[in-house]
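Peer 1: Before I ask anything, here is the structure I am working with.
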Amino acid sequence: MIGLASGSADAPVTLKPIIDARLRYEHVEQVPLAADADALTLRIRAGFEAKAKDWSFLAESEALLAINPAYNSGLNGKTTYPIVPDPQNIELNRLQLQYRGLPNTVITVGRQRINLDDQRFVGSVAWRQNEQTFDAARVEWSGIEHIKFDLTYADNVRTIWGADGGNALGPARLGEIGGNNVLGNVGYTTKYGALTGFAYLVDQNAAPVFANSSQTYGGRFVGAYPLSPHVKLTYLASYASQSNYRRNPNRYQANYYAGELGLAVNTLTLGGGYEVLGADTKGNGGVAVTSFQTPLATLHKFNGWADKFLVTPTNGLRDAYGTIGYGWKKPLGLDAIALTAVYHRFDSDRLGQHYGDEIDAQAVFRKGKYAALLKYADYRADAFGTDTKKFWASLEWSI
């Protein structure tokens with residue numbers, strides 16, 4: 001943090017640099033493609049945040065270099081390889097002004113990162129090398145005890161496809177998508193957990209993605225309850241209803257359900273859950289994008305790390321999963337090591353199809369400003385997609 005003199009003695013300006021670098025290797029084997037993807041990429045975000053009294057200004061660039069470009073980035077035309085959606089990119093990632101001078105209020109305008117709740121509906125897609133950000137105005141207010149209101153208007157979404165994104169080589173891979181998006185979220189905290197109600201009006205005004213325009217209303221409850229000094233029960237329940245909105249040419253209605261239970265015993269965690277992204281209930285069988293969709297989500301966090309269900313299949317998706325994790329603090333001179341394994345069984349919401357199964361595993365090592373990751377996903381197809389294996393190794397450094 002650097003302090004700078006300003007025009008007023010009681011209003012010093014502090015300047016904080018932003019550097020976030022990630023070197024990542026991603027290997028993908030996908031049937032029936034003969035060539036495997038071997039992507040070695042380096043992403044660097046650099047910028048600064050300046051603060052003075054109740055104001056702050058943040059500017060951040062993002063650059064991605066394909067050191068080994070033996071992969072289909074979605075934009076480079078190398079369709080003999082499996083897709084690794086990390087195209088080379090140089091762009092302005094964030095440029096925002098924030099004001100905190102009103103009681104219990106934070107106002108942020110400009111290009112910004114937005115992560116709501118667990119990012120199931122709105123997130124920054126931090127897993128990918130290029131981040132998703134929003135040109136938006138956001139107001140957060142917490143003037144009533146235990147209650148927080150969060151309202152965003154976004155007229156543009158900057159996607160993971162970067163500055164060169166466009167509707168090329170198959171599905172729409174637009175670098176930016178305009179529209180009048182309204183993202184409303186209100187949360188109430190209790191001693192048992194947090195209750196949230198939300199309304200997400202997604203308006204995508206580019207013709208290739210009209211069908212992603214939707215209105216979603218719902219709620220969720222997530223929390224934890226201590227059973228003993230060393231044992232904790234965790235739980236989540238969520239429901240939402242979605243239908244077409246604005247320019248969407250389809251007329252549909254679909255439901256979302258999710259439930260999860262977990263047990264944490266010291267640093268051992270066990271859990272299981274069931275998530276349903278429902279098929280259309282109005283009888284539009286066979287019409288694409290009439291099942292429950294979450295186009296603004298951080299999708300990699302959900303429904304398997306092989307990313308086979310980034311778009312919900314027409315017949316919906318049911319995901320039954322179990323997780324196990326274990327962690328160590330201060331092992332081998334490191335700050336922490338965390339291991340995670342997940343099993344998924346994927347089925348359709350209607351017609352009784354078994355889509356496939358997936359096993360995921362991950363190891364994370366942390367030391368100071370560094371983090372290293374090893375990760376693996378193995379999807380075995382039955383009635384949806386094709387067999388896919390992915391492996392990642394990465395090193396991150398940030399200040």
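Each chain in the structure tokens gets a letter, A, B, ..., in the order shown, and its residues are numbered from 1; ligands are numbered from 1 in order too.
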Need the shell around Ala207 (chain A): protein/DNA/RNA residues with any atom at most 12 Å away, counting only C-alpha atoms. Skip same-chain ones fewer than 4 positions apart. Format as a list of chain:residue names?

Peer 2: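 Once the nearby chain positions are removed, what remains is A:Gly166, A:Asn167, A:Pro171, A:Ala172, A:Leu174, A:Ile177, A:Gly178, A:Gly179, A:Asp203, A:Ala211, A:Asn212, A:Ser213, A:Arg247, A:Asn248, A:Pro249.
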
Peer 1: Could you turn the residues from that selection into a file that holds C-alpha atoms, as an mmCIF file, in the first residue's frame?

Peer 2:
data_model
loop_
_atom_site.group_PDB
_atom_site.id
_atom_site.type_symbol
_atom_site.label_atom_id
_atom_site.label_comp_id
_atom_site.auth_asym_id
_atom_site.auth_seq_id
_atom_site.Cartn_x
_atom_site.Cartn_y
_atom_site.Cartn_z
ATOM 1 C CA GLY A 166 -17.474 -13.385 -32.108
ATOM 2 C CA ASN A 167 -20.164 -15.679 -33.477
ATOM 3 C CA PRO A 171 -22.065 -21.819 -31.013
ATOM 4 C CA ALA A 172 -22.140 -18.115 -30.224
ATOM 5 C CA LEU A 174 -19.409 -13.392 -28.317
ATOM 6 C CA ILE A 177 -23.362 -9.186 -24.999
ATOM 7 C CA GLY A 178 -25.515 -6.094 -24.473
ATOM 8 C CA GLY A 179 -28.923 -5.975 -22.825
ATOM 9 C CA ASP A 203 -31.691 -9.754 -21.315
ATOM 10 C CA ALA A 211 -32.792 -17.776 -26.323
ATOM 11 C CA ASN A 212 -30.715 -17.094 -23.178
ATOM 12 C CA SER A 213 -33.002 -14.218 -22.159
ATOM 13 C CA ARG A 247 -36.411 -11.177 -27.084
ATOM 14 C CA ASN A 248 -36.425 -14.904 -26.339
ATOM 15 C CA PRO A 249 -38.264 -16.568 -29.265
#

Peer 1: Could you list, as a list of chain:residue names, every residue within 8 Å of Tyr71 (chain A), counting only C-alpha atoms and ignoring same-chain residues fewer than 2 positions away?

Peer 2: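 Once the adjacent positions are removed, what remains is A:Asp36, A:Ala37, A:Asp38, A:Ala39, A:Pro69, A:Ser73, A:Lys78, A:Tyr81, A:Pro82, A:Ile83, A:Val84.
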
Peer 1: Given the selection you just returned, output its residues as a file containing N, CA and C atoms, formatted as a CSV table (one decimal), in the first residue's frame.

Peer 2:
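And here's selection.csv as it stands now:
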chain,number,residue,atom,x,y,z
A,36,ASP,N,-5.4,-34.9,-29.0
A,36,ASP,CA,-5.6,-34.4,-27.7
A,36,ASP,C,-5.2,-33.0,-27.6
A,37,ALA,N,-5.9,-32.2,-26.7
A,37,ALA,CA,-5.5,-30.8,-26.5
A,37,ALA,C,-4.5,-30.7,-25.4
A,38,ASP,N,-3.4,-29.9,-25.7
A,38,ASP,CA,-2.4,-29.6,-24.7
A,38,ASP,C,-2.2,-28.1,-24.7
A,39,ALA,N,-2.9,-27.5,-23.8
A,39,ALA,CA,-2.9,-26.0,-23.7
A,39,ALA,C,-2.0,-25.6,-22.6
A,69,PRO,N,-0.1,-23.5,-28.2
A,69,PRO,CA,-1.5,-23.4,-28.7
A,69,PRO,C,-2.1,-24.6,-29.3
A,73,SER,N,-9.3,-23.1,-29.1
A,73,SER,CA,-9.7,-22.1,-28.1
A,73,SER,C,-11.1,-21.6,-28.3
A,78,LYS,N,-8.9,-24.3,-34.7
A,78,LYS,CA,-8.2,-25.6,-34.6
A,78,LYS,C,-9.2,-26.7,-34.1
A,81,TYR,N,-8.8,-30.4,-32.4
A,81,TYR,CA,-8.5,-30.6,-31.0
A,81,TYR,C,-9.8,-30.4,-30.2
A,82,PRO,N,-9.9,-31.0,-29.0
A,82,PRO,CA,-10.9,-30.6,-28.1
A,82,PRO,C,-10.9,-29.1,-27.7
A,83,ILE,N,-12.0,-28.6,-27.2
A,83,ILE,CA,-12.0,-27.2,-26.9
A,83,ILE,C,-11.5,-26.9,-25.5
A,84,VAL,N,-10.6,-25.9,-25.4
A,84,VAL,CA,-10.2,-25.3,-24.1
A,84,VAL,C,-10.5,-23.8,-24.3

Peer 1: Which is closer to Phe198 (chain A) than all the others in A:Val122, A:Val231, A:Leu268, A:Leu339, using only C-alpha atoms?

Peer 2: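 Smallest distance to Phe198 (chain A) is found for A:Val122.
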
Peer 1: Expressed in Å to a single decimal, how great is the separation between CA of Ala59 (chain A) and CA of Ile160 (chain A)?

Peer 2: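 Between these atoms lies a distance of 18.3 Å.
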
Peer 1: Suppose you want the space between CA of Gly322 (chain A) and CA of Ala258 (chain A); what is it in Å?

Peer 2: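 Going from CA of Gly322 (chain A) over to CA of Ala258 (chain A) covers 13.5 Å.
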
Peer 1: Between A:Ala136, A:Pro103, A:Lys367, A:Arg158, which has the minimum distance to Leu332 (chain A) (counting only C-alpha atoms)?

Peer 2: A:Lys367

Peer 1: So which residues touch region 219-227 of chain A within 12 Å, counting only C-alpha atoms, skipping near sequence neighbours fewer than 6 positions away, as a PyMOL selection string?

Peer 2: chain A and resi 116-118+120-121+184-200+233-241+256-266

Peer 1: Closest to Gly273 (chain A) among A:Tyr343, A:Val209, A:Tyr25, A:Tyr245, using only C-alpha atoms?

Peer 2: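 Among the listed residues, the smallest separation from Gly273 (chain A) belongs to A:Tyr343.
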
Peer 1: So that I can check the secondary structure, give me every residue of region 166-372 of chain A assigned strand (DSSP E or B) by backbone DSSP, as number ranges by chain.

Peer 2: A: 166, 173, 176-190, 193-202, 214-228, 231-244, 253-265, 268-277, 317-329, 336-347, 354-367, 370-372
